[in-house]
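Shown next: target_2.pdb, containing PDB, C-alpha atoms and all ligand atoms.
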MODEL        1
ATOM      1  CA  MET A   1     -27.027  -9.104  -6.233
ATOM      2  CA  PRO A   2     -23.281  -9.323  -5.494
ATOM      3  CA  GLN A   3     -21.043  -9.797  -8.499
ATOM      4  CA  THR A   4     -19.007 -12.962  -8.937
ATOM      5  CA  LEU A   5     -15.222 -12.758  -8.740
ATOM      6  CA  ARG A   6     -15.098 -13.291 -12.494
ATOM      7  CA  GLU A   7     -17.555 -10.458 -13.147
ATOM      8  CA  LEU A   8     -15.533  -8.196 -10.892
ATOM      9  CA  PHE A   9     -12.334  -8.987 -12.800
ATOM     10  CA  VAL A  10     -14.091  -8.192 -16.084
ATOM     11  CA  GLU A  11     -15.180  -4.802 -14.710
ATOM     12  CA  GLN A  12     -11.698  -4.142 -13.353
ATOM     13  CA  PHE A  13      -9.967  -5.169 -16.603
ATOM     14  CA  ARG A  14     -12.230  -2.736 -18.469
ATOM     15  CA  LEU A  15     -11.036   0.035 -16.132
ATOM     16  CA  CYS A  16      -7.485  -1.134 -16.931
ATOM     17  CA  LYS A  17      -8.242  -0.786 -20.665
ATOM     18  CA  VAL A  18      -7.425  -4.410 -21.463
ATOM     19  CA  ARG A  19      -7.604  -4.857 -25.235
ATOM     20  CA  PRO A  20      -8.079  -8.005 -27.344
ATOM     21  CA  THR A  21      -4.569  -7.626 -28.779
ATOM     22  CA  GLU A  22      -3.006  -7.884 -25.326
ATOM     23  CA  THR A  23      -1.652 -10.782 -23.309
ATOM     24  CA  ILE A  24      -2.083 -10.769 -19.549
ATOM     25  CA  ALA A  25       0.448 -12.395 -17.224
ATOM     26  CA  VAL A  26      -0.984 -13.642 -13.940
ATOM     27  CA  ILE A  27       1.725 -14.078 -11.287
ATOM     28  CA  SER A  28       0.749 -16.483  -8.527
ATOM     29  CA  GLU A  29       2.120 -18.895  -5.955
ATOM     30  CA  VAL A  30       1.428 -22.596  -6.240
ATOM     31  CA  GLY A  31      -1.796 -23.627  -4.517
ATOM     32  CA  LYS A  32      -2.598 -20.086  -3.326
ATOM     33  CA  LYS A  33      -5.546 -17.873  -4.296
ATOM     34  CA  THR A  34      -6.442 -20.219  -7.157
ATOM     35  CA  GLU A  35      -9.922 -18.672  -7.529
ATOM     36  CA  TYR A  36      -8.242 -15.311  -8.321
ATOM     37  CA  VAL A  37      -6.069 -16.960 -10.969
ATOM     38  CA  GLU A  38      -9.111 -18.570 -12.589
ATOM     39  CA  ALA A  39     -11.170 -15.367 -12.441
ATOM     40  CA  ALA A  40      -8.332 -13.317 -13.979
ATOM     41  CA  VAL A  41      -7.795 -15.811 -16.819
ATOM     42  CA  SER A  42     -11.513 -16.106 -17.479
ATOM     43  CA  ALA A  43     -12.004 -12.326 -17.501
ATOM     44  CA  ALA A  44      -9.069 -11.848 -19.885
ATOM     45  CA  ARG A  45     -10.578 -14.379 -22.281
ATOM     46  CA  GLU A  46     -13.982 -12.720 -22.091
ATOM     47  CA  LEU A  47     -12.371  -9.458 -23.249
ATOM     48  CA  GLY A  48     -10.604 -11.316 -26.054
ATOM     49  CA  ALA A  49      -7.142 -11.054 -24.475
ATOM     50  CA  GLY A  50      -4.609 -13.829 -24.007
ATOM     51  CA  ALA A  51      -3.646 -15.007 -20.520
ATOM     52  CA  LEU A  52      -0.484 -16.645 -19.266
ATOM     53  CA  VAL A  53      -0.219 -17.942 -15.681
ATOM     54  CA  LEU A  54       3.223 -17.722 -14.073
ATOM     55  CA  THR A  55       3.250 -19.763 -10.886
ATOM     56  CA  ALA A  56       6.229 -19.564  -8.580
ATOM     57  CA  SER A  57       6.864 -22.052  -5.791
ATOM     58  CA  SER A  58       6.688 -19.169  -3.317
ATOM     59  CA  LEU A  59       7.205 -15.428  -3.374
ATOM     60  CA  SER A  60       6.142 -14.825   0.216
ATOM     61  CA  HIS A  61       8.305 -13.554   3.032
ATOM     62  CA  PRO A  62       8.135 -14.634   6.655
ATOM     63  CA  LEU A  63       6.197 -12.209   8.861
ATOM     64  CA  LEU A  64       8.804 -12.620  11.584
ATOM     65  CA  PRO A  65      12.542 -13.391  11.371
ATOM     66  CA  PRO A  66      14.602 -15.325  10.473
ATOM     67  CA  TYR A  67      14.586 -14.138   6.883
ATOM     68  CA  THR A  68      16.934 -14.934   4.015
ATOM     69  CA  ALA A  69      16.309 -13.415   0.609
ATOM     70  CA  ASP A  70      15.834 -16.020  -2.156
ATOM     71  CA  GLY A  71      15.269 -14.730  -5.666
ATOM     72  CA  ARG A  72      16.088 -17.826  -7.706
ATOM     73  CA  GLU A  73      12.790 -17.851  -9.617
ATOM     74  CA  ILE A  74      12.741 -14.117 -10.288
ATOM     75  CA  PRO A  75      14.800 -13.929 -13.540
ATOM     76  CA  ALA A  76      12.566 -16.460 -15.293
ATOM     77  CA  LEU A  77       9.463 -14.692 -13.990
ATOM     78  CA  LEU A  78      10.682 -11.349 -15.277
ATOM     79  CA  ALA A  79      11.618 -12.788 -18.665
ATOM     80  CA  ALA A  80       8.125 -14.197 -19.173
ATOM     81  CA  ALA A  81       6.366 -11.104 -17.830
ATOM     82  CA  ALA A  82       8.398  -8.955 -20.217
ATOM     83  CA  GLU A  83       6.607 -10.626 -23.133
ATOM     84  CA  CYS A  84       3.166  -9.664 -21.769
ATOM     85  CA  ASP A  85       1.325  -6.329 -21.740
ATOM     86  CA  PHE A  86      -0.387  -6.315 -18.387
ATOM     87  CA  VAL A  87       0.733  -8.130 -15.226
ATOM     88  CA  VAL A  88      -1.797  -9.180 -12.600
ATOM     89  CA  ASP A  89      -0.159 -10.055  -9.293
ATOM     90  CA  VAL A  90      -2.240 -12.423  -7.178
ATOM     91  CA  THR A  91       0.594 -13.560  -4.916
ATOM     92  CA  VAL A  92      -0.261 -13.707  -1.224
ATOM     93  CA  GLU A  93       1.687 -10.622  -0.127
ATOM     94  CA  GLY A  94       2.100  -8.859  -3.442
ATOM     95  CA  LEU A  95       5.308  -7.843  -5.173
ATOM     96  CA  ILE A  96       4.868  -4.381  -3.740
ATOM     97  CA  HIS A  97       8.169  -3.207  -2.379
ATOM     98  CA  SER A  98      10.290  -5.538  -4.461
ATOM     99  CA  ASP A  99      12.668  -5.091  -7.309
ATOM    100  CA  VAL A 100      10.329  -7.303  -9.385
ATOM    101  CA  ARG A 101       7.645  -4.639  -9.416
ATOM    102  CA  THR A 102      10.065  -1.881 -10.403
ATOM    103  CA  ARG A 103      11.545  -3.971 -13.194
ATOM    104  CA  ILE A 104       8.144  -4.839 -14.643
ATOM    105  CA  THR A 105       6.698  -1.308 -14.504
ATOM    106  CA  GLY A 106      10.039   0.179 -15.549
ATOM    107  CA  ASN A 107       9.581  -1.752 -18.779
ATOM    108  CA  GLY A 108       6.339   0.160 -19.394
ATOM    109  CA  LYS A 109       4.045  -2.698 -18.309
ATOM    110  CA  ARG A 110       0.891  -2.079 -16.326
ATOM    111  CA  MET A 111       0.829  -4.051 -13.079
ATOM    112  CA  LEU A 112      -2.087  -4.643 -10.725
ATOM    113  CA  PHE A 113      -2.055  -6.375  -7.339
ATOM    114  CA  VAL A 114      -5.244  -8.083  -6.119
ATOM    115  CA  ALA A 115      -5.648  -9.530  -2.641
ATOM    116  CA  GLU A 116      -8.862  -8.468  -0.901
ATOM    117  CA  PRO A 117     -12.016 -10.624  -0.538
ATOM    118  CA  ASP A 118     -14.556 -10.202  -3.334
ATOM    119  CA  ASN A 119     -16.922  -8.073  -1.250
ATOM    120  CA  VAL A 120     -14.167  -5.524  -0.591
ATOM    121  CA  LEU A 121     -13.103  -5.601  -4.263
ATOM    122  CA  GLU A 122     -16.687  -4.836  -5.259
ATOM    123  CA  ARG A 123     -17.462  -2.126  -2.694
ATOM    124  CA  LEU A 124     -14.277  -0.172  -3.247
ATOM    125  CA  ILE A 125     -13.599  -0.609  -6.980
ATOM    126  CA  GLY A 126     -11.983   2.498  -8.493
ATOM    127  CA  SER A 127     -13.600   5.221 -10.569
ATOM    128  CA  VAL A 128     -12.683   8.233 -12.677
ATOM    129  CA  ASP A 129     -13.828  10.529  -9.857
ATOM    130  CA  LEU A 130     -11.598   8.783  -7.320
ATOM    131  CA  ARG A 131      -8.702   8.966  -9.744
ATOM    132  CA  ARG A 132      -9.144  12.742 -10.026
ATOM    133  CA  VAL A 133      -9.213  13.183  -6.224
ATOM    134  CA  VAL A 134      -6.047  11.105  -5.808
ATOM    135  CA  GLU A 135      -4.237  12.969  -8.589
ATOM    136  CA  ASP A 136      -5.156  16.331  -7.042
ATOM    137  CA  ALA A 137      -3.817  15.196  -3.666
ATOM    138  CA  GLY A 138      -0.606  13.936  -5.270
ATOM    139  CA  ALA A 139      -0.102  17.290  -6.989
ATOM    140  CA  LYS A 140      -0.212  18.968  -3.566
ATOM    141  CA  LEU A 141       2.515  16.645  -2.280
ATOM    142  CA  LYS A 142       4.630  17.263  -5.394
ATOM    143  CA  ALA A 143       4.288  21.035  -5.012
ATOM    144  CA  GLY A 144       5.063  21.054  -1.282
ATOM    145  CA  ASN A 145       8.221  21.455   0.740
ATOM    146  CA  VAL A 146       7.335  20.445   4.313
ATOM    147  CA  LEU A 147       4.847  17.846   5.515
ATOM    148  CA  HIS A 148       3.646  18.546   9.059
ATOM    149  CA  VAL A 149       1.379  16.169  10.975
ATOM    150  CA  THR A 150      -0.168  16.943  14.360
ATOM    151  CA  SER A 151      -2.880  15.474  16.571
ATOM    152  CA  ALA A 152      -4.599  16.173  19.874
ATOM    153  CA  ALA A 153      -3.022  12.922  21.109
ATOM    154  CA  GLY A 154       0.429  14.546  20.791
ATOM    155  CA  THR A 155       1.700  13.722  17.309
ATOM    156  CA  ASP A 156       4.006  16.407  15.913
ATOM    157  CA  LEU A 157       6.032  15.209  12.931
ATOM    158  CA  THR A 158       7.729  17.052  10.073
ATOM    159  CA  ALA A 159       9.406  15.726   6.937
ATOM    160  CA  ASP A 160      11.111  17.221   3.892
ATOM    161  CA  ILE A 161       9.044  16.600   0.763
ATOM    162  CA  SER A 162      10.632  19.293  -1.395
ATOM    163  CA  GLY A 163      11.567  18.963  -5.030
ATOM    164  CA  LYS A 164       9.970  17.701  -8.221
ATOM    165  CA  ASP A 165      11.747  14.341  -7.832
ATOM    166  CA  LEU A 166       9.767  13.441  -4.689
ATOM    167  CA  PRO A 167       8.469   9.867  -5.134
ATOM    168  CA  VAL A 168       4.659  10.058  -4.891
ATOM    169  CA  THR A 169       2.399   6.998  -5.009
ATOM    170  CA  HIS A 170      -1.060   7.678  -6.450
ATOM    171  CA  GLN A 171      -3.357   4.743  -5.752
ATOM    172  CA  TRP A 172      -6.857   4.798  -7.213
ATOM    173  CA  GLY A 173      -7.108   1.057  -7.703
ATOM    174  CA  TYR A 174      -6.635   0.461 -11.444
ATOM    175  CA  VAL A 175      -3.893   0.755 -14.057
ATOM    176  CA  ASP A 176      -4.890   2.458 -17.254
ATOM    177  CA  GLU A 177      -1.551   3.846 -18.450
ATOM    178  CA  PRO A 178       1.842   2.290 -19.336
ATOM    179  CA  GLY A 179       4.300   1.780 -16.485
ATOM    180  CA  ARG A 180       1.643   2.203 -13.833
ATOM    181  CA  TRP A 181       1.308  -0.017 -10.741
ATOM    182  CA  ASP A 182      -1.708  -0.096  -8.436
ATOM    183  CA  HIS A 183      -3.504  -2.256  -5.902
ATOM    184  CA  TRP A 184      -7.230  -3.000  -6.333
ATOM    185  CA  PRO A 185      -8.864  -1.481  -4.316
ATOM    186  CA  SER A 186      -7.088   1.677  -3.195
ATOM    187  CA  GLY A 187      -7.866   5.311  -2.566
ATOM    188  CA  PHE A 188      -4.937   7.152  -1.095
ATOM    189  CA  VAL A 189      -1.852   9.179  -1.840
ATOM    190  CA  ALA A 190       1.578   8.738  -0.267
ATOM    191  CA  CYS A 191       5.094  10.003  -0.683
ATOM    192  CA  PHE A 192       8.509   8.896   0.430
ATOM    193  CA  PRO A 193       9.871  11.944   2.285
ATOM    194  CA  HIS A 194      13.547  12.580   1.656
ATOM    195  CA  ASP A 195      15.547   9.996   3.502
ATOM    196  CA  ARG A 196      16.566  10.824   7.083
ATOM    197  CA  THR A 197      14.492  14.027   7.202
ATOM    198  CA  ALA A 198      11.477  12.957   9.301
ATOM    199  CA  GLN A 199      11.656  14.467  12.795
ATOM    200  CA  GLY A 200       9.373  14.601  15.793
ATOM    201  CA  VAL A 201       6.872  12.485  17.672
ATOM    202  CA  ILE A 202       4.084  10.146  16.552
ATOM    203  CA  VAL A 203       1.480   9.171  19.157
ATOM    204  CA  LEU A 204      -0.805   6.246  18.361
ATOM    205  CA  GLN A 205      -4.154   6.125  20.100
ATOM    206  CA  PRO A 206      -6.619   3.269  20.584
ATOM    207  CA  GLY A 207      -8.513   2.600  17.354
ATOM    208  CA  ASP A 208      -5.622   3.468  15.029
ATOM    209  CA  ALA A 209      -4.673   0.523  12.818
ATOM    210  CA  LEU A 210      -1.650  -1.786  12.556
ATOM    211  CA  ILE A 211      -1.199  -3.453   9.149
ATOM    212  CA  PRO A 212      -0.326  -6.306   8.486
ATOM    213  CA  TRP A 213      -1.096  -7.177  12.099
ATOM    214  CA  GLN A 214      -4.686  -6.521  10.943
ATOM    215  CA  ARG A 215      -5.958  -5.098  14.185
ATOM    216  CA  TYR A 216      -6.621  -1.845  15.954
ATOM    217  CA  VAL A 217      -4.164  -0.222  18.347
ATOM    218  CA  ARG A 218      -5.213  -0.823  21.970
ATOM    219  CA  ASP A 219      -3.058   1.617  23.927
ATOM    220  CA  HIS A 220      -1.306   4.930  23.448
ATOM    221  CA  VAL A 221       2.169   4.436  21.974
ATOM    222  CA  THR A 222       4.714   7.243  21.539
ATOM    223  CA  PHE A 223       7.399   6.984  18.838
ATOM    224  CA  THR A 224      10.312   9.402  18.823
ATOM    225  CA  VAL A 225      11.560   9.990  15.265
ATOM    226  CA  GLU A 226      15.028  11.438  14.649
ATOM    227  CA  ASP A 227      16.658  11.881  11.239
ATOM    228  CA  GLY A 228      14.150   9.535   9.590
ATOM    229  CA  PHE A 229      14.421   6.694  12.096
ATOM    230  CA  ILE A 230      12.414   5.621  15.134
ATOM    231  CA  THR A 231      14.734   5.997  18.104
ATOM    232  CA  GLU A 232      12.328   5.304  20.963
ATOM    233  CA  VAL A 233       9.023   3.461  21.494
ATOM    234  CA  LYS A 234       7.198   4.186  24.745
ATOM    235  CA  GLY A 235       3.798   3.432  26.256
ATOM    236  CA  GLU A 236       2.077   2.040  29.332
ATOM    237  CA  GLY A 237       0.104  -0.782  27.682
ATOM    238  CA  SER A 238       1.129  -3.952  25.865
ATOM    239  CA  ASP A 239       1.242  -2.377  22.401
ATOM    240  CA  ALA A 240       4.461  -0.444  23.058
ATOM    241  CA  HIS A 241       6.084  -3.640  24.280
ATOM    242  CA  LEU A 242       4.834  -5.657  21.275
ATOM    243  CA  LEU A 243       5.946  -3.061  18.732
ATOM    244  CA  LEU A 244       9.349  -2.771  20.360
ATOM    245  CA  ASP A 245       9.697  -6.559  20.374
ATOM    246  CA  TYR A 246       8.747  -6.652  16.670
ATOM    247  CA  PHE A 247      11.310  -4.027  15.648
ATOM    248  CA  GLU A 248      14.094  -5.506  17.778
ATOM    249  CA  SER A 249      13.462  -9.080  16.632
ATOM    250  CA  TRP A 250      14.692  -8.337  13.086
ATOM    251  CA  ASP A 251      18.115  -7.220  14.336
ATOM    252  CA  ASP A 252      18.304  -4.858  11.353
ATOM    253  CA  PRO A 253      18.614  -1.060  11.578
ATOM    254  CA  GLU A 254      16.543  -0.656   8.373
ATOM    255  CA  VAL A 255      13.293  -1.780  10.048
ATOM    256  CA  TRP A 256      13.320   1.381  12.219
ATOM    257  CA  ALA A 257      13.194   3.734   9.234
ATOM    258  CA  ILE A 258      10.198   5.890   8.344
ATOM    259  CA  SER A 259       8.975   4.771   4.908
ATOM    260  CA  HIS A 260       5.973   6.336   3.095
ATOM    261  CA  CYS A 261       3.583   8.976   4.491
ATOM    262  CA  GLY A 262       0.228  10.080   3.092
ATOM    263  CA  TRP A 263      -3.511  10.141   3.607
ATOM    264  CA  GLY A 264      -6.700   8.244   2.699
ATOM    265  CA  LEU A 265      -9.167   9.506   0.089
ATOM    266  CA  HIS A 266     -11.687   6.776  -0.661
ATOM    267  CA  PRO A 267     -15.178   8.117   0.092
ATOM    268  CA  THR A 268     -16.701   4.735   0.979
ATOM    269  CA  ALA A 269     -13.813   3.014   2.775
ATOM    270  CA  CYS A 270     -14.848   2.163   6.339
ATOM    271  CA  TRP A 271     -12.659   2.315   9.415
ATOM    272  CA  SER A 272     -14.654  -0.518  11.014
ATOM    273  CA  ALA A 273     -13.514  -3.135   8.451
ATOM    274  CA  PHE A 274     -11.140  -4.979  10.818
ATOM    275  CA  ASP A 275     -14.034  -5.679  13.194
ATOM    276  CA  VAL A 276     -16.770  -6.188  10.592
ATOM    277  CA  TYR A 277     -14.845  -8.757   8.527
ATOM    278  CA  ASP A 278     -12.570 -11.526   9.696
ATOM    279  CA  PRO A 279      -9.420  -9.343   9.758
ATOM    280  CA  ARG A 280      -7.085 -12.189   8.756
ATOM    281  CA  THR A 281      -8.923 -12.454   5.427
ATOM    282  CA  LEU A 282      -8.184  -8.786   4.689
ATOM    283  CA  TYR A 283      -5.095  -7.114   3.263
ATOM    284  CA  GLY A 284      -5.951  -3.789   4.924
ATOM    285  CA  GLN A 285      -6.733  -1.661   1.849
ATOM    286  CA  GLU A 286      -9.950  -0.394   3.408
ATOM    287  CA  LEU A 287      -8.109   1.064   6.423
ATOM    288  CA  ARG A 288      -5.318   2.449   4.225
ATOM    289  CA  SER A 289      -7.949   4.179   2.099
ATOM    290  CA  ALA A 290     -10.305   5.399   4.866
ATOM    291  CA  PRO A 291     -10.943   9.080   4.099
ATOM    292  CA  GLY A 292      -8.882  11.477   6.204
ATOM    293  CA  ASN A 293      -6.615   8.893   7.813
ATOM    294  CA  PHE A 294      -2.923   9.796   8.076
ATOM    295  CA  MET A 295      -0.933   6.715   7.097
ATOM    296  CA  TRP A 296       2.756   6.347   7.785
ATOM    297  CA  SER A 297       4.895   3.258   7.533
ATOM    298  CA  THR A 298       8.166   1.681   8.564
ATOM    299  CA  GLY A 299      11.012  -0.189   6.900
ATOM    300  CA  PRO A 300      11.494  -0.660   3.148
ATOM    301  CA  ASN A 301      12.023   2.221   0.755
ATOM    302  CA  ARG A 302      13.219   1.328  -2.734
ATOM    303  CA  PHE A 303      14.077   4.992  -3.372
ATOM    304  CA  ALA A 304      16.589   4.840  -0.501
ATOM    305  CA  ASN A 305      17.800   1.296  -1.356
ATOM    306  CA  ARG A 306      16.300   0.006   1.852
ATOM    307  CA  GLU A 307      15.044  -3.574   1.608
ATOM    308  CA  THR A 308      13.454  -5.448   4.481
ATOM    309  CA  PRO A 309      10.303  -7.555   4.721
ATOM    310  CA  ALA A 310       9.503  -5.805   8.031
ATOM    311  CA  HIS A 311       6.924  -3.252   6.911
ATOM    312  CA  LEU A 312       4.140  -1.776   9.011
ATOM    313  CA  ASP A 313       1.488   0.516   7.546
ATOM    314  CA  ILE A 314      -0.126   2.546  10.315
ATOM    315  CA  PRO A 315      -3.287   4.506   9.441
ATOM    316  CA  MET A 316      -4.155   6.993  12.211
ATOM    317  CA  ARG A 317      -7.359   8.782  13.143
ATOM    318  CA  GLY A 318      -7.776  12.385  14.212
ATOM    319  CA  CYS A 319      -4.626  13.845  12.659
ATOM    320  CA  THR A 320      -4.143  17.192  10.951
ATOM    321  CA  VAL A 321      -1.922  16.978   7.880
ATOM    322  CA  GLU A 322      -0.454  20.200   6.531
ATOM    323  CA  ILE A 323       1.680  20.905   3.495
ATOM    324  CA  ASP A 324       3.606  24.165   3.865
ATOM    325  CA  GLY A 325       1.064  25.274   6.477
ATOM    326  CA  THR A 326      -2.067  24.466   4.450
ATOM    327  CA  ALA A 327      -4.209  21.650   5.839
ATOM    328  CA  VAL A 328      -5.268  18.817   3.529
ATOM    329  CA  VAL A 329      -6.662  16.813   6.479
ATOM    330  CA  ARG A 330      -7.918  18.520   9.626
ATOM    331  CA  GLY A 331      -8.734  16.508  12.741
ATOM    332  CA  GLY A 332      -9.002  13.327  10.665
ATOM    333  CA  ARG A 333     -11.344  14.805   8.071
ATOM    334  CA  LEU A 334     -10.510  15.689   4.479
ATOM    335  CA  VAL A 335     -10.401  19.418   3.856
ATOM    336  CA  SER A 336     -12.671  20.189   0.917
ATOM    337  CA  GLU A 337     -11.615  22.883  -1.497
TER     338      GLU A 337
HETATM  339 FE    FE B 401       3.156   0.356   2.872
ENDMDL
END
Would you mind giving the structure from this file in structure tokens?
Amino acid sequence: MPQTLRELFVEQFRLCKVRPTETIAVISEVGKKTEYVEAAVSAARELGAGALVLTASSLSHPLLPPYTADGREIPALLAAAAECDFVVDVTVEGLIHSDVRTRITGNGKRMLFVAEPDNVLERLIGSVDLRRVVEDAGAKLKAGNVLHVTSAAGTDLTADISGKDLPVTHQWGYVDEPGRWDHWPSGFVACFPHDRTAQGVIVLQPGDALIPWQRYVRDHVTFTVEDGFITEVKGEGSDAHLLLDYFESWDDPEVWAISHCGWGLHPTACWSAFDVYDPRTLYGQELRSAPGNFMWSTGPNRFANRETPAHLDIPMRGCTVEIDGTAVVRGGRLVSE
């Protein structure tokens, strides 16, 4: 029998090591995702923890321009969150690329974003095994110097990932240590290659995914990448035109940047999710986590002081991902040890 949202939050909070001495802050937007707020509060109480709900008028960004940053409510939000131990973000888009996230986790707080429908939360909830797989993959990124991605469709991209200071995002879907952020559910690893080092060509093929457009690519699209930025978008079908229109509409050079790159590791994440579910109810974690996908992204990069709400995550099928010449993904399948 499927678990209720409240039962799922209890299970998740146990993974997050919520203790009775702790106070949980739930960050939300007024009138949005109220069932998540109630489930989080109820689960915290069941585990003996305190729960404080911090509701902002809005923390969402427009999906298309015009866009003007407005952070008036942020200082008060941060002040209250600083008094709590564990921050659960149930805002619509998540405080993912924002300063708010960095300032909360930088204070040693655990922070978890939750957005997917309950069935996805249940099917893809994290585990110790998944955590180990993600950590192993992250160690390979940390130890590497050059990321090289190729595909039969024509992708041939390199990026500099050298150095111990490479920012690597390990997402296994729960937060069980201080200062850790994650998104329930997740199962992937990603890094931010050194700024302005990505070079080459990325070729999308039908069936690859566009997030947050929440749909599959329909036509081949070729991106030329020079010094970390997309410099050309070409293709015969409508997708090249739509992507070009999207990038140009922001009138901001930052939206053309290559952001994070990595690959999916969740053994039970399904590529078909955008067709099986109503895609507009999904946040896209299942596609991001699909095992063996190569996911790259555009726009914001807090490690390069690049802030823009224009962010595409693009999981691709059929790629080979190599680190210093050793494949971690071959032809869209994870390479087992
Ligand atoms: Fe992303």
| task | Using all atoms listed in the file, pick whichever of A:Glu93, A:Asp208, A:Glu7, A:Asp165 has the shortest atom-to-atom distance to A:His183. | result |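 Of A:Glu93, A:Asp208, A:Glu7, A:Asp165, the one nearest A:His183, counting all atoms listed in the file, is A:Glu93.
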| message | Every residue with an atom at most 10 Å from (12.9, 9.0, 17.1) (file coordinates; all atoms listed in the file) is what I'm after, so could you write them as a count of residues only? | response | 20
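When all atoms listed in the file are used to compute distances to A:Leu166, the closest of the residues A:Phe303, A:Trp296, A:Ser249, A:Gly154 turns out to be A:Phe303.
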| message | Let me make sure I understand: among A:Leu141, A:Cys270, A:Ala310, A:Cys319, which one has the smallest atom-to-atom distance to A:Ile211 if we use all atoms listed in the file? | response |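 Selected residue with least distance to A:Ile211: A:Ala310.
Proximity ranking of A:Gly108, A:Pro253, A:Pro193, A:Pro66 relative to A:Ser297 places A:Pro193 first, based on only C-alpha atoms.
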| request: Skip A:Arg103 itself and residues of its chain fewer than 5 positions away, then list as a PyMOL selection string all residues within 12 Å of it, counting all atoms listed in the file. | output: chain A and resi 74-75+77-79+81-82+87+95-98+108-111+179-181+302
Dump C-alpha atoms for the selected residues as a PDB file, in the frame of the given file?
ATOM      1  CA  ILE A  74      12.741 -14.117 -10.288  1.00  0.00           C
ATOM      2  CA  PRO A  75      14.800 -13.929 -13.540  1.00  0.00           C
ATOM      3  CA  LEU A  77       9.463 -14.692 -13.990  1.00  0.00           C
ATOM      4  CA  LEU A  78      10.682 -11.349 -15.277  1.00  0.00           C
ATOM      5  CA  ALA A  79      11.618 -12.788 -18.665  1.00  0.00           C
ATOM      6  CA  ALA A  81       6.366 -11.104 -17.830  1.00  0.00           C
ATOM      7  CA  ALA A  82       8.398  -8.955 -20.217  1.00  0.00           C
ATOM      8  CA  VAL A  87       0.733  -8.130 -15.226  1.00  0.00           C
ATOM      9  CA  LEU A  95       5.308  -7.843  -5.173  1.00  0.00           C
ATOM     10  CA  ILE A  96       4.868  -4.381  -3.740  1.00  0.00           C
ATOM     11  CA  HIS A  97       8.169  -3.207  -2.379  1.00  0.00           C
ATOM     12  CA  SER A  98      10.290  -5.538  -4.461  1.00  0.00           C
ATOM     13  CA  GLY A 108       6.339   0.160 -19.394  1.00  0.00           C
ATOM     14  CA  LYS A 109       4.045  -2.698 -18.309  1.00  0.00           C
ATOM     15  CA  ARG A 110       0.891  -2.079 -16.326  1.00  0.00           C
ATOM     16  CA  MET A 111       0.829  -4.051 -13.079  1.00  0.00           C
ATOM     17  CA  GLY A 179       4.300   1.780 -16.485  1.00  0.00           C
ATOM     18  CA  ARG A 180       1.643   2.203 -13.833  1.00  0.00           C
ATOM     19  CA  TRP A 181       1.308  -0.017 -10.741  1.00  0.00           C
ATOM     20  CA  ARG A 302      13.219   1.328  -2.734  1.00  0.00           C
TER      21      ARG A 302
END
| request: Enumerate residues in contact with ligand FE 401 (chain B): an atom-to-atom distance of at most 12 Å, counting only C-alpha atoms and all ligand atoms. Format the result as a count of residues only. | output: 46
| request: Would you mind listing what lies within 9 Å of A:Met316 as a ChimeraX atom specification, with only C-alpha atoms counted and same-chain residues fewer than 6 positions away left out? | output: /A:204-205,207-209,292-296,332
| request: One decimal, Å: what's the distance from atom CA of A:Phe9 over to atom CA of A:Asp118, could you say? | output: 9.8 Å
| request: Find the spatial neighbours of A:Thr21, counting all atoms listed in the file, within a cut-off of 9 Å - ignore same-chain residues fewer than 5 positions away - and output them as a list in words. | output: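 Skipping anything fewer than 5 positions along the chain leaves Gly48, Ala49 and Gly50 of chain A.
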| message | For the provided coordinates, the residues matched by the PyMOL selection byres (((chain A and resi 128-130) around 9) and not hetatm) should be stated as a ChimeraX atom specification. | response | /A:126-127,131-135,172-173,187,265-267
| request: Starting from the shown file, work through the PyMOL selection byres (((chain A and resi 11) around 12) and not hetatm) and note down what comes out as a PyMOL selection string. | output: chain A and resi 3-10+12-18+39-40+43-44+46-47+121-122+125-127+174+184
| request: May I have the residues within 6 Å of A:Thr150 as a PyMOL selection string, using all atoms listed in the file and disregarding those fewer than 2 positions away in the same chain? | output: chain A and resi 155-156+319-320
| query | Between A:Tyr67, A:Phe113, A:Phe274, A:Tyr216, which has the minimum distance to A:Val37 (counting all atoms listed in the file)? | reply |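 Of A:Tyr67, A:Phe113, A:Phe274, A:Tyr216, the one nearest A:Val37, counting all atoms listed in the file, is A:Phe113.
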Can you put N, CA and C atoms back into stretch 277-283 of chain A and show it as an mmCIF file, keeping the file's coordinate frame?
data_model
loop_
_atom_site.group_PDB
_atom_site.id
_atom_site.type_symbol
_atom_site.label_atom_id
_atom_site.label_comp_id
_atom_site.auth_asym_id
_atom_site.auth_seq_id
_atom_site.Cartn_x
_atom_site.Cartn_y
_atom_site.Cartn_z
ATOM 1 N N TYR A 277 -15.289 -7.539 9.216
ATOM 2 C CA TYR A 277 -14.845 -8.757 8.527
ATOM 3 C C TYR A 277 -13.943 -9.562 9.462
ATOM 4 N N ASP A 278 -13.641 -10.783 9.039
ATOM 5 C CA ASP A 278 -12.570 -11.526 9.696
ATOM 6 C C ASP A 278 -11.266 -10.850 9.274
ATOM 7 N N PRO A 279 -10.554 -10.184 10.194
ATOM 8 C CA PRO A 279 -9.420 -9.343 9.758
ATOM 9 C C PRO A 279 -8.307 -10.109 9.068
ATOM 10 N N ARG A 280 -8.162 -11.406 9.374
ATOM 11 C CA ARG A 280 -7.085 -12.189 8.756
ATOM 12 C C ARG A 280 -7.395 -12.520 7.298
ATOM 13 N N THR A 281 -8.624 -12.265 6.850
ATOM 14 C CA THR A 281 -8.923 -12.454 5.427
ATOM 15 C C THR A 281 -8.655 -11.174 4.640
ATOM 16 N N LEU A 282 -8.347 -10.089 5.346
ATOM 17 C CA LEU A 282 -8.184 -8.786 4.689
ATOM 18 C C LEU A 282 -6.707 -8.470 4.477
ATOM 19 N N TYR A 283 -6.452 -7.613 3.482
ATOM 20 C CA TYR A 283 -5.095 -7.114 3.263
ATOM 21 C C TYR A 283 -4.919 -5.728 3.884
#
